[in-house]
file input_17.pdb (PDB, C-alpha atoms)
MODEL        1
ATOM      1  CA  GLY A 259      94.820 101.528  82.573  1.00  0.00           C
ATOM      2  CA  GLY A 260      95.520  98.196  80.929  1.00  0.00           C
ATOM      3  CA  VAL A 261      99.181  98.099  81.909  1.00  0.00           C
ATOM      4  CA  GLY A 262      98.706  95.121  84.248  1.00  0.00           C
ATOM      5  CA  ASN A 263      98.137  96.509  87.767  1.00  0.00           C
ATOM      6  CA  THR A 264      95.369  94.022  88.591  1.00  0.00           C
ATOM      7  CA  THR A 265      97.191  91.139  86.900  1.00  0.00           C
ATOM      8  CA  LEU A 266     100.315  91.745  88.992  1.00  0.00           C
ATOM      9  CA  ALA A 267      98.260  92.082  92.192  1.00  0.00           C
ATOM     10  CA  ARG A 268      96.468  88.813  91.375  1.00  0.00           C
ATOM     11  CA  LEU A 269      99.806  87.027  90.902  1.00  0.00           C
ATOM     12  CA  ALA A 270     100.926  88.218  94.331  1.00  0.00           C
ATOM     13  CA  TYR A 271      97.560  87.336  95.902  1.00  0.00           C
ATOM     14  CA  HIS A 272      97.681  83.725  94.634  1.00  0.00           C
ATOM     15  CA  ASP A 273     101.399  83.184  95.216  1.00  0.00           C
ATOM     16  CA  PRO A 274     101.903  80.071  97.436  1.00  0.00           C
ATOM     17  CA  GLU A 275     104.367  81.891  99.715  1.00  0.00           C
ATOM     18  CA  VAL A 276     101.876  84.744 100.196  1.00  0.00           C
ATOM     19  CA  GLU A 277      99.058  82.269 100.866  1.00  0.00           C
ATOM     20  CA  ALA A 278     101.193  80.575 103.523  1.00  0.00           C
ATOM     21  CA  ASN A 279     101.907  83.871 105.313  1.00  0.00           C
ATOM     22  CA  PHE A 280      98.321  85.102 105.722  1.00  0.00           C
ATOM     23  CA  ASP A 281      95.442  83.363 107.503  1.00  0.00           C
ATOM     24  CA  ILE A 282      92.835  85.470 105.703  1.00  0.00           C
ATOM     25  CA  ARG A 283      93.081  86.915 102.201  1.00  0.00           C
ATOM     26  CA  ILE A 284      90.446  89.393 100.994  1.00  0.00           C
ATOM     27  CA  TRP A 285      90.026  90.861  97.504  1.00  0.00           C
ATOM     28  CA  ILE A 286      87.773  93.915  97.024  1.00  0.00           C
ATOM     29  CA  TYR A 287      87.116  95.573  93.656  1.00  0.00           C
ATOM     30  CA  VAL A 288      86.685  99.268  94.529  1.00  0.00           C
ATOM     31  CA  SER A 289      86.367 101.189  91.201  1.00  0.00           C
ATOM     32  CA  ALA A 290      85.175 104.814  91.125  1.00  0.00           C
ATOM     33  CA  ASN A 291      82.332 104.174  93.589  1.00  0.00           C
ATOM     34  CA  PHE A 292      84.156 104.435  96.921  1.00  0.00           C
ATOM     35  CA  ASN A 293      81.623 103.631  99.644  1.00  0.00           C
ATOM     36  CA  GLU A 294      82.929 102.939 103.164  1.00  0.00           C
ATOM     37  CA  VAL A 295      79.830 100.940 104.148  1.00  0.00           C
ATOM     38  CA  LYS A 296      79.837  98.698 101.063  1.00  0.00           C
ATOM     39  CA  LEU A 297      83.594  98.175 101.220  1.00  0.00           C
ATOM     40  CA  THR A 298      83.423  97.197 104.897  1.00  0.00           C
ATOM     41  CA  GLN A 299      80.523  94.857 104.099  1.00  0.00           C
ATOM     42  CA  GLY A 300      82.636  93.337 101.322  1.00  0.00           C
ATOM     43  CA  ILE A 301      85.510  92.724 103.743  1.00  0.00           C
ATOM     44  CA  LEU A 302      83.201  91.066 106.297  1.00  0.00           C
ATOM     45  CA  GLU A 303      81.642  88.840 103.617  1.00  0.00           C
ATOM     46  CA  GLN A 304      85.038  87.251 103.006  1.00  0.00           C
ATOM     47  CA  ILE A 305      85.743  86.534 106.691  1.00  0.00           C
ATOM     48  CA  PRO A 306      84.628  82.998 107.638  1.00  0.00           C
ATOM     49  CA  ASP A 307      81.741  82.692 110.157  1.00  0.00           C
ATOM     50  CA  CYS A 308      81.052  86.446 110.273  1.00  0.00           C
ATOM     51  CA  ASP A 309      77.405  87.369 110.897  1.00  0.00           C
ATOM     52  CA  ARG A 310      77.732  91.179 110.992  1.00  0.00           C
ATOM     53  CA  LYS A 311      77.873  91.732 107.212  1.00  0.00           C
ATOM     54  CA  ASN A 312      74.158  92.541 106.639  1.00  0.00           C
ATOM     55  CA  SER A 313      74.062  95.846 108.535  1.00  0.00           C
ATOM     56  CA  ASN A 314      74.133  99.219 106.739  1.00  0.00           C
ATOM     57  CA  ASN A 315      75.447 100.955 109.848  1.00  0.00           C
ATOM     58  CA  LEU A 316      79.166 101.665 109.520  1.00  0.00           C
ATOM     59  CA  THR A 317      79.718 101.629 113.305  1.00  0.00           C
ATOM     60  CA  VAL A 318      78.166  98.146 113.570  1.00  0.00           C
ATOM     61  CA  LEU A 319      80.231  96.928 110.611  1.00  0.00           C
ATOM     62  CA  GLN A 320      83.438  98.318 112.129  1.00  0.00           C
ATOM     63  CA  ARG A 321      82.676  96.449 115.354  1.00  0.00           C
ATOM     64  CA  GLY A 322      82.348  93.321 113.229  1.00  0.00           C
ATOM     65  CA  ILE A 323      85.821  93.939 111.782  1.00  0.00           C
ATOM     66  CA  LYS A 324      87.354  94.164 115.268  1.00  0.00           C
ATOM     67  CA  GLU A 325      85.427  91.103 116.446  1.00  0.00           C
ATOM     68  CA  TYR A 326      86.000  88.746 113.497  1.00  0.00           C
ATOM     69  CA  LEU A 327      89.198  89.937 111.787  1.00  0.00           C
ATOM     70  CA  THR A 328      91.447  88.470 114.474  1.00  0.00           C
ATOM     71  CA  LYS A 329      94.032  86.707 112.307  1.00  0.00           C
ATOM     72  CA  ARG A 330      96.795  88.006 110.063  1.00  0.00           C
ATOM     73  CA  PHE A 331      95.272  89.278 106.824  1.00  0.00           C
ATOM     74  CA  LEU A 332      96.106  90.460 103.334  1.00  0.00           C
ATOM     75  CA  LEU A 333      93.578  92.930 101.907  1.00  0.00           C
ATOM     76  CA  VAL A 334      93.695  93.887  98.216  1.00  0.00           C
ATOM     77  CA  LEU A 335      91.772  97.028  97.204  1.00  0.00           C
ATOM     78  CA  ASP A 336      91.740  96.860  93.424  1.00  0.00           C
ATOM     79  CA  ASP A 337      91.277  99.872  91.107  1.00  0.00           C
ATOM     80  CA  MET A 338      90.890 102.649  93.657  1.00  0.00           C
ATOM     81  CA  TRP A 339      90.085 106.223  92.564  1.00  0.00           C
ATOM     82  CA  GLU A 340      89.086 107.978  95.804  1.00  0.00           C
ATOM     83  CA  GLU A 341      91.424 110.902  96.587  1.00  0.00           C
ATOM     84  CA  SER A 342      89.913 111.969  99.921  1.00  0.00           C
ATOM     85  CA  GLU A 343      92.356 111.198 102.721  1.00  0.00           C
ATOM     86  CA  GLY A 344      89.509 111.526 105.237  1.00  0.00           C
ATOM     87  CA  ARG A 345      87.449 108.787 103.585  1.00  0.00           C
ATOM     88  CA  TRP A 346      90.528 106.565 103.304  1.00  0.00           C
ATOM     89  CA  ASP A 347      91.238 107.015 107.042  1.00  0.00           C
ATOM     90  CA  LYS A 348      87.580 106.239 107.784  1.00  0.00           C
ATOM     91  CA  LEU A 349      87.896 102.893 105.988  1.00  0.00           C
ATOM     92  CA  LEU A 350      91.164 102.097 107.758  1.00  0.00           C
ATOM     93  CA  ALA A 351      89.951 103.038 111.251  1.00  0.00           C
ATOM     94  CA  SER A 352      88.667  99.592 112.222  1.00  0.00           C
ATOM     95  CA  LEU A 353      91.441  97.747 110.338  1.00  0.00           C
ATOM     96  CA  ARG A 354      94.108  99.572 112.364  1.00  0.00           C
ATOM     97  CA  GLY A 355      92.559  98.283 115.591  1.00  0.00           C
ATOM     98  CA  THR A 356      92.753  94.568 114.778  1.00  0.00           C
ATOM     99  CA  GLN A 357      94.650  92.251 117.126  1.00  0.00           C
ATOM    100  CA  ALA A 358      96.935  90.514 114.618  1.00  0.00           C
ATOM    101  CA  LYS A 359     100.272  92.000 113.566  1.00  0.00           C
ATOM    102  CA  GLY A 360     101.940  91.945 110.140  1.00  0.00           C
ATOM    103  CA  ASN A 361      98.787  92.693 108.142  1.00  0.00           C
ATOM    104  CA  VAL A 362      99.181  94.044 104.602  1.00  0.00           C
ATOM    105  CA  ILE A 363      96.930  96.227 102.448  1.00  0.00           C
ATOM    106  CA  LEU A 364      97.745  96.250  98.740  1.00  0.00           C
ATOM    107  CA  VAL A 365      96.126  98.999  96.630  1.00  0.00           C
ATOM    108  CA  THR A 366      96.056  99.218  92.836  1.00  0.00           C
ATOM    109  CA  THR A 367      95.219 102.529  91.189  1.00  0.00           C
ATOM    110  CA  ARG A 368      95.722 104.461  87.960  1.00  0.00           C
ATOM    111  CA  LYS A 369      96.238 107.761  89.799  1.00  0.00           C
ATOM    112  CA  LEU A 370      99.517 108.823  91.399  1.00  0.00           C
ATOM    113  CA  SER A 371      97.600 111.117  93.789  1.00  0.00           C
ATOM    114  CA  VAL A 372      95.727 108.071  95.182  1.00  0.00           C
ATOM    115  CA  ALA A 373      98.973 106.113  95.484  1.00  0.00           C
ATOM    116  CA  LYS A 374     100.546 108.924  97.534  1.00  0.00           C
ATOM    117  CA  ILE A 375      97.584 109.061  99.942  1.00  0.00           C
ATOM    118  CA  THR A 376      97.488 105.301 100.474  1.00  0.00           C
ATOM    119  CA  SER A 377     101.223 104.567 100.686  1.00  0.00           C
ATOM    120  CA  LYS A 378     102.637 106.617 103.545  1.00  0.00           C
ATOM    121  CA  MET A 379     105.029 103.828 104.637  1.00  0.00           C
ATOM    122  CA  GLU A 380     106.492 102.887 101.244  1.00  0.00           C
ATOM    123  CA  ALA A 381     106.922 104.496  97.841  1.00  0.00           C
ATOM    124  CA  PRO A 382     104.331 103.253  95.314  1.00  0.00           C
ATOM    125  CA  ILE A 383     105.374 100.828  92.572  1.00  0.00           C
ATOM    126  CA  ASN A 384     104.868 102.601  89.260  1.00  0.00           C
ATOM    127  CA  LEU A 385     104.290 100.104  86.434  1.00  0.00           C
ATOM    128  CA  GLY A 386     105.411 101.081  82.955  1.00  0.00           C
ATOM    129  CA  GLY A 387     104.742  99.363  79.638  1.00  0.00           C
ATOM    130  CA  MET A 388     106.331  96.073  78.614  1.00  0.00           C
ATOM    131  CA  LYS A 389     109.889  96.136  77.256  1.00  0.00           C
ATOM    132  CA  LYS A 390     110.060  96.607  73.498  1.00  0.00           C
ATOM    133  CA  ASP A 391     111.273  93.100  72.544  1.00  0.00           C
ATOM    134  CA  VAL A 392     108.906  91.353  74.987  1.00  0.00           C
ATOM    135  CA  PHE A 393     105.992  93.500  73.809  1.00  0.00           C
ATOM    136  CA  TRP A 394     106.670  92.758  70.132  1.00  0.00           C
ATOM    137  CA  HIS A 395     106.671  89.016  70.863  1.00  0.00           C
ATOM    138  CA  PHE A 396     103.414  89.411  72.857  1.00  0.00           C
ATOM    139  CA  PHE A 397     101.760  91.533  70.153  1.00  0.00           C
ATOM    140  CA  LYS A 398     102.543  88.924  67.485  1.00  0.00           C
ATOM    141  CA  ARG A 399     100.927  86.272  69.675  1.00  0.00           C
ATOM    142  CA  CYS A 400      97.861  88.496  70.039  1.00  0.00           C
ATOM    143  CA  ILE A 401      97.577  88.725  66.251  1.00  0.00           C
ATOM    144  CA  PHE A 402      98.560  85.246  65.101  1.00  0.00           C
ATOM    145  CA  GLY A 403      97.945  83.104  68.173  1.00  0.00           C
ATOM    146  CA  ASP A 404     100.729  80.612  67.461  1.00  0.00           C
ATOM    147  CA  GLU A 405     104.352  81.676  67.306  1.00  0.00           C
ATOM    148  CA  ASN A 406     104.984  79.428  64.276  1.00  0.00           C
ATOM    149  CA  TYR A 407     103.065  81.585  61.804  1.00  0.00           C
ATOM    150  CA  GLU A 408     103.839  82.204  58.154  1.00  0.00           C
ATOM    151  CA  VAL A 409     103.073  85.715  56.979  1.00  0.00           C
ATOM    152  CA  GLN A 410     104.376  88.245  54.452  1.00  0.00           C
ATOM    153  CA  ARG A 411     107.327  90.339  55.582  1.00  0.00           C
ATOM    154  CA  MET A 412     105.375  93.479  54.618  1.00  0.00           C
ATOM    155  CA  LEU A 413     102.588  92.594  57.079  1.00  0.00           C
ATOM    156  CA  LEU A 414     105.134  92.135  59.862  1.00  0.00           C
ATOM    157  CA  ASN A 415     106.644  95.547  59.057  1.00  0.00           C
ATOM    158  CA  ILE A 416     103.215  97.175  59.334  1.00  0.00           C
ATOM    159  CA  ALA A 417     102.490  95.323  62.575  1.00  0.00           C
ATOM    160  CA  GLU A 418     105.820  96.497  63.991  1.00  0.00           C
ATOM    161  CA  GLN A 419     104.969 100.131  63.192  1.00  0.00           C
ATOM    162  CA  ILE A 420     101.578  99.728  64.868  1.00  0.00           C
ATOM    163  CA  ALA A 421     103.266  98.144  67.912  1.00  0.00           C
ATOM    164  CA  THR A 422     105.351 101.300  68.480  1.00  0.00           C
ATOM    165  CA  LYS A 423     102.122 103.315  68.802  1.00  0.00           C
ATOM    166  CA  LEU A 424     100.848 101.038  71.599  1.00  0.00           C
ATOM    167  CA  ASN A 425     103.677 101.994  73.995  1.00  0.00           C
ATOM    168  CA  GLY A 426     104.061  98.552  75.551  1.00  0.00           C
ATOM    169  CA  ASN A 427     100.479  98.432  76.863  1.00  0.00           C
ATOM    170  CA  PRO A 428      99.175  94.818  76.956  1.00  0.00           C
ATOM    171  CA  LEU A 429      95.474  95.786  76.883  1.00  0.00           C
ATOM    172  CA  ALA A 430      96.066  97.895  73.779  1.00  0.00           C
ATOM    173  CA  ALA A 431      98.009  94.990  72.219  1.00  0.00           C
ATOM    174  CA  LYS A 432      95.138  92.564  72.819  1.00  0.00           C
ATOM    175  CA  SER A 433      92.554  95.021  71.495  1.00  0.00           C
ATOM    176  CA  VAL A 434      94.421  95.974  68.296  1.00  0.00           C
ATOM    177  CA  GLY A 435      95.809  92.438  67.856  1.00  0.00           C
ATOM    178  CA  LYS A 436      92.264  91.031  67.608  1.00  0.00           C
ATOM    179  CA  LEU A 437      91.444  93.755  65.106  1.00  0.00           C
ATOM    180  CA  LEU A 438      94.378  92.782  62.853  1.00  0.00           C
ATOM    181  CA  ARG A 439      93.667  89.055  63.214  1.00  0.00           C
ATOM    182  CA  ARG A 440      90.131  89.625  61.905  1.00  0.00           C
ATOM    183  CA  ASN A 441      91.481  90.550  58.465  1.00  0.00           C
ATOM    184  CA  VAL A 442      95.060  89.521  57.599  1.00  0.00           C
ATOM    185  CA  ASN A 443      95.295  91.847  54.638  1.00  0.00           C
ATOM    186  CA  GLU A 444      97.892  94.501  53.795  1.00  0.00           C
ATOM    187  CA  SER A 445      95.487  97.288  52.773  1.00  0.00           C
ATOM    188  CA  TYR A 446      93.347  96.711  55.900  1.00  0.00           C
ATOM    189  CA  TRP A 447      96.395  96.804  58.177  1.00  0.00           C
ATOM    190  CA  ARG A 448      97.618  99.995  56.500  1.00  0.00           C
ATOM    191  CA  ARG A 449      94.251 101.628  57.210  1.00  0.00           C
ATOM    192  CA  ILE A 450      94.752 100.766  60.884  1.00  0.00           C
ATOM    193  CA  LEU A 451      98.312 102.140  60.820  1.00  0.00           C
ATOM    194  CA  ASP A 452      97.299 105.376  59.052  1.00  0.00           C
ATOM    195  CA  SER A 453      94.145 105.947  61.123  1.00  0.00           C
ATOM    196  CA  ASP A 454      93.491 109.471  62.384  1.00  0.00           C
ATOM    197  CA  GLU A 455      92.780 108.017  65.847  1.00  0.00           C
ATOM    198  CA  TRP A 456      96.518 107.870  66.607  1.00  0.00           C
ATOM    199  CA  LYS A 457      96.664 111.682  66.318  1.00  0.00           C
ATOM    200  CA  LEU A 458      94.434 111.911  69.406  1.00  0.00           C
ATOM    201  CA  GLN A 459      97.133 110.336  71.569  1.00  0.00           C
ATOM    202  CA  GLU A 460      97.839 112.890  74.305  1.00  0.00           C
ATOM    203  CA  ARG A 461     100.448 111.003  76.352  1.00  0.00           C
ATOM    204  CA  THR A 462     102.763 108.065  75.801  1.00  0.00           C
ATOM    205  CA  ASP A 463     100.593 105.932  78.112  1.00  0.00           C
ATOM    206  CA  ASP A 464      97.305 106.921  76.433  1.00  0.00           C
ATOM    207  CA  ILE A 465      95.458 103.818  75.180  1.00  0.00           C
ATOM    208  CA  ILE A 466      92.187 105.531  74.202  1.00  0.00           C
ATOM    209  CA  PRO A 467      93.137 105.707  70.469  1.00  0.00           C
ATOM    210  CA  ALA A 468      93.752 101.926  70.435  1.00  0.00           C
ATOM    211  CA  LEU A 469      90.398 101.257  72.110  1.00  0.00           C
ATOM    212  CA  LYS A 470      88.638 103.777  69.822  1.00  0.00           C
ATOM    213  CA  LEU A 471      89.994 101.877  66.803  1.00  0.00           C
ATOM    214  CA  SER A 472      88.370  98.717  68.130  1.00  0.00           C
ATOM    215  CA  TYR A 473      85.100 100.598  68.626  1.00  0.00           C
ATOM    216  CA  ASN A 474      85.216 102.002  65.085  1.00  0.00           C
ATOM    217  CA  HIS A 475      85.471  98.491  63.666  1.00  0.00           C
ATOM    218  CA  LEU A 476      82.569  97.048  65.651  1.00  0.00           C
ATOM    219  CA  PRO A 477      79.420  96.183  63.675  1.00  0.00           C
ATOM    220  CA  TYR A 478      76.993  99.119  63.722  1.00  0.00           C
ATOM    221  CA  TYR A 479      74.449  97.339  65.943  1.00  0.00           C
ATOM    222  CA  LEU A 480      77.175  96.769  68.570  1.00  0.00           C
ATOM    223  CA  GLN A 481      78.225 100.421  68.394  1.00  0.00           C
ATOM    224  CA  LEU A 482      74.591 101.315  69.179  1.00  0.00           C
ATOM    225  CA  LEU A 483      74.592  98.890  72.115  1.00  0.00           C
ATOM    226  CA  PHE A 484      77.864 100.402  73.380  1.00  0.00           C
ATOM    227  CA  SER A 485      76.325 103.906  73.222  1.00  0.00           C
ATOM    228  CA  TYR A 486      73.215 102.668  75.025  1.00  0.00           C
ATOM    229  CA  CYS A 487      75.336 101.214  77.869  1.00  0.00           C
ATOM    230  CA  ALA A 488      77.079 104.587  78.205  1.00  0.00           C
ATOM    231  CA  LEU A 489      73.773 106.045  79.461  1.00  0.00           C
ATOM    232  CA  PHE A 490      74.139 104.177  82.757  1.00  0.00           C
ATOM    233  CA  PRO A 491      76.180 105.630  85.658  1.00  0.00           C
ATOM    234  CA  GLU A 492      79.769 104.383  85.765  1.00  0.00           C
TER     235      GLU A 492
ENDMDL
END
call {"tool": "encode", "arguments": {"input": "input_17.pdb", "output": "structure tokens"}}
result
Amino acid sequence: GGVGNTTLARLAYHDPEVEANFDIRIWIYVSANFNEVKLTQGILEQIPDCDRKNSNNLTVLQRGIKEYLTKRFLLVLDDMWEESEGRWDKLLASLRGTQAKGNVILVTTRKLSVAKITSKMEAPINLGGMKKDVFWHFFKRCIFGDENYEVQRMLLNIAEQIATKLNGNPLAAKSVGKLLRRNVNESYWRRILDSDEWKLQERTDDIIPALKLSYNHLPYYLQLLFSYCALFPE
């Protein structure tokens, strides 16, 4: 999470060459709630002149796909978590029967198991963190905004040590960068660097400690609001 899957997919989706090669482009945000009916409805809603999108019957919706999805399409399924191959095949059933050739489905996911189910034809693209020098430049921009900043060398040294803990993850950089920008002070930055949250890091791509730091430094009333929101289903 936070490494840039959706950002990269969005760049491809809006690329002029991609736009020129597909008559219909559809973007669906899937998340953890994989529902074949709602996803098929979402696809139909983005097809011009389609009047089959209001049904809750999957068979009727699938007929709508075959009837209205007659041109070459690009379908992006963003942030997919469903690991059931059967449910995935159920979603694809009507899409496989469309008339046009050269259609593309692009899936983003955080789980390798999902990538393996959905990419039988090609190996999945596994995104890593940003390269060290690029990430350091990006992290400084997250903290200071403008590249032409004047700051103590000691603060930069602390920031560089914090950057190594973020493992090239841009979401973590933005989260912790805002935290450091709030108080450009050596003792405050050292508290961030020496925080016990970093000890909870289980893997090199784990960004939970960075996000937990941001939570810890929220005003108390916002922490309460955050906890209240956690009561709702994901």
call {"tool": "resolve_selection", "arguments": {"input": "input_17.pdb", "expression": "the PyMOL selection byres ((chain A and resi 396-399) around 12)", "output": "PDB file with C-alpha atoms, in the frame of the given file"}}
result
ATOM      1  CA  MET A 388     106.331  96.073  78.614  1.00  0.00           C
ATOM      2  CA  LYS A 389     109.889  96.136  77.256  1.00  0.00           C
ATOM      3  CA  LYS A 390     110.060  96.607  73.498  1.00  0.00           C
ATOM      4  CA  ASP A 391     111.273  93.100  72.544  1.00  0.00           C
ATOM      5  CA  VAL A 392     108.906  91.353  74.987  1.00  0.00           C
ATOM      6  CA  PHE A 393     105.992  93.500  73.809  1.00  0.00           C
ATOM      7  CA  TRP A 394     106.670  92.758  70.132  1.00  0.00           C
ATOM      8  CA  HIS A 395     106.671  89.016  70.863  1.00  0.00           C
ATOM      9  CA  CYS A 400      97.861  88.496  70.039  1.00  0.00           C
ATOM     10  CA  ILE A 401      97.577  88.725  66.251  1.00  0.00           C
ATOM     11  CA  PHE A 402      98.560  85.246  65.101  1.00  0.00           C
ATOM     12  CA  GLY A 403      97.945  83.104  68.173  1.00  0.00           C
ATOM     13  CA  ASP A 404     100.729  80.612  67.461  1.00  0.00           C
ATOM     14  CA  GLU A 405     104.352  81.676  67.306  1.00  0.00           C
ATOM     15  CA  ASN A 406     104.984  79.428  64.276  1.00  0.00           C
ATOM     16  CA  TYR A 407     103.065  81.585  61.804  1.00  0.00           C
ATOM     17  CA  GLU A 408     103.839  82.204  58.154  1.00  0.00           C
ATOM     18  CA  VAL A 409     103.073  85.715  56.979  1.00  0.00           C
ATOM     19  CA  LEU A 413     102.588  92.594  57.079  1.00  0.00           C
ATOM     20  CA  LEU A 414     105.134  92.135  59.862  1.00  0.00           C
ATOM     21  CA  ASN A 415     106.644  95.547  59.057  1.00  0.00           C
ATOM     22  CA  ILE A 416     103.215  97.175  59.334  1.00  0.00           C
ATOM     23  CA  ALA A 417     102.490  95.323  62.575  1.00  0.00           C
ATOM     24  CA  GLU A 418     105.820  96.497  63.991  1.00  0.00           C
ATOM     25  CA  GLN A 419     104.969 100.131  63.192  1.00  0.00           C
ATOM     26  CA  ILE A 420     101.578  99.728  64.868  1.00  0.00           C
ATOM     27  CA  ALA A 421     103.266  98.144  67.912  1.00  0.00           C
ATOM     28  CA  THR A 422     105.351 101.300  68.480  1.00  0.00           C
ATOM     29  CA  LYS A 423     102.122 103.315  68.802  1.00  0.00           C
ATOM     30  CA  LEU A 424     100.848 101.038  71.599  1.00  0.00           C
ATOM     31  CA  ASN A 425     103.677 101.994  73.995  1.00  0.00           C
ATOM     32  CA  GLY A 426     104.061  98.552  75.551  1.00  0.00           C
ATOM     33  CA  ASN A 427     100.479  98.432  76.863  1.00  0.00           C
ATOM     34  CA  PRO A 428      99.175  94.818  76.956  1.00  0.00           C
ATOM     35  CA  LEU A 429      95.474  95.786  76.883  1.00  0.00           C
ATOM     36  CA  ALA A 430      96.066  97.895  73.779  1.00  0.00           C
ATOM     37  CA  ALA A 431      98.009  94.990  72.219  1.00  0.00           C
ATOM     38  CA  LYS A 432      95.138  92.564  72.819  1.00  0.00           C
ATOM     39  CA  SER A 433      92.554  95.021  71.495  1.00  0.00           C
ATOM     40  CA  VAL A 434      94.421  95.974  68.296  1.00  0.00           C
ATOM     41  CA  GLY A 435      95.809  92.438  67.856  1.00  0.00           C
ATOM     42  CA  LYS A 436      92.264  91.031  67.608  1.00  0.00           C
ATOM     43  CA  LEU A 437      91.444  93.755  65.106  1.00  0.00           C
ATOM     44  CA  LEU A 438      94.378  92.782  62.853  1.00  0.00           C
ATOM     45  CA  ARG A 439      93.667  89.055  63.214  1.00  0.00           C
TER      46      ARG A 439
END
call {"tool": "resolve_selection", "arguments": {"input": "input_17.pdb", "expression": "the PyMOL selection byres ((chain A and resi 342) around 12)", "output": "MDAnalysis selection string"}}
result
chainID A and resid 292:294 338:341 343:349 371:376
call {"tool": "residues_around", "arguments": {"input": "input_17.pdb", "residues": "Ile383 in chain A", "least_positions_apart": "2", "cutoff": "12 Å", "atoms": "all atoms listed in the file", "output": "PyMOL selection string"}}
result
chain A and resi 263+266-267+364-370+373-374+377+380-381+385-386
call {"tool": "write_last_selection", "arguments": {"input": "input_17.pdb", "atoms": "C-alpha atoms", "output": "mmCIF file, in the frame of the given file"}}
result
data_model
loop_
_atom_site.group_PDB
_atom_site.id
_atom_site.type_symbol
_atom_site.label_atom_id
_atom_site.label_comp_id
_atom_site.auth_asym_id
_atom_site.auth_seq_id
_atom_site.Cartn_x
_atom_site.Cartn_y
_atom_site.Cartn_z
ATOM 1 C CA ASN A 263 98.137 96.509 87.767
ATOM 2 C CA LEU A 266 100.315 91.745 88.992
ATOM 3 C CA ALA A 267 98.260 92.082 92.192
ATOM 4 C CA LEU A 364 97.745 96.250 98.740
ATOM 5 C CA VAL A 365 96.126 98.999 96.630
ATOM 6 C CA THR A 366 96.056 99.218 92.836
ATOM 7 C CA THR A 367 95.219 102.529 91.189
ATOM 8 C CA ARG A 368 95.722 104.461 87.960
ATOM 9 C CA LYS A 369 96.238 107.761 89.799
ATOM 10 C CA LEU A 370 99.517 108.823 91.399
ATOM 11 C CA ALA A 373 98.973 106.113 95.484
ATOM 12 C CA LYS A 374 100.546 108.924 97.534
ATOM 13 C CA SER A 377 101.223 104.567 100.686
ATOM 14 C CA GLU A 380 106.492 102.887 101.244
ATOM 15 C CA ALA A 381 106.922 104.496 97.841
ATOM 16 C CA LEU A 385 104.290 100.104 86.434
ATOM 17 C CA GLY A 386 105.411 101.081 82.955
#
call {"tool": "closest_residue", "arguments": {"input": "input_17.pdb", "among": "A:Tyr486, A:Phe280, A:Trp447, A:Tyr271", "to": "Val334 in chain A", "atoms": "only C-alpha atoms"}}
result
A:Tyr271
call {"tool": "resolve_selection", "arguments": {"input": "input_17.pdb", "expression": "the PyMOL selection byres ((chain A and resi 324) around 8)", "output": "list in words"}}
result
Gln320, Arg321, Gly322, Ile323, Glu325, Tyr326, Leu327, Thr328, Ser352, Leu353, Gly355, Thr356 and Gln357 of chain A
call {"tool": "atom_distance", "arguments": {"input": "input_17.pdb", "atom1": "CA of Ile282 in chain A", "atom2": "CA of Ile301 in chain A"}}
result
10.5 Å
call {"tool": "atom_distance", "arguments": {"input": "input_17.pdb", "atom1": "CA of Ser485 in chain A", "atom2": "CA of Ile466 in chain A"}}
result
16.0 Å
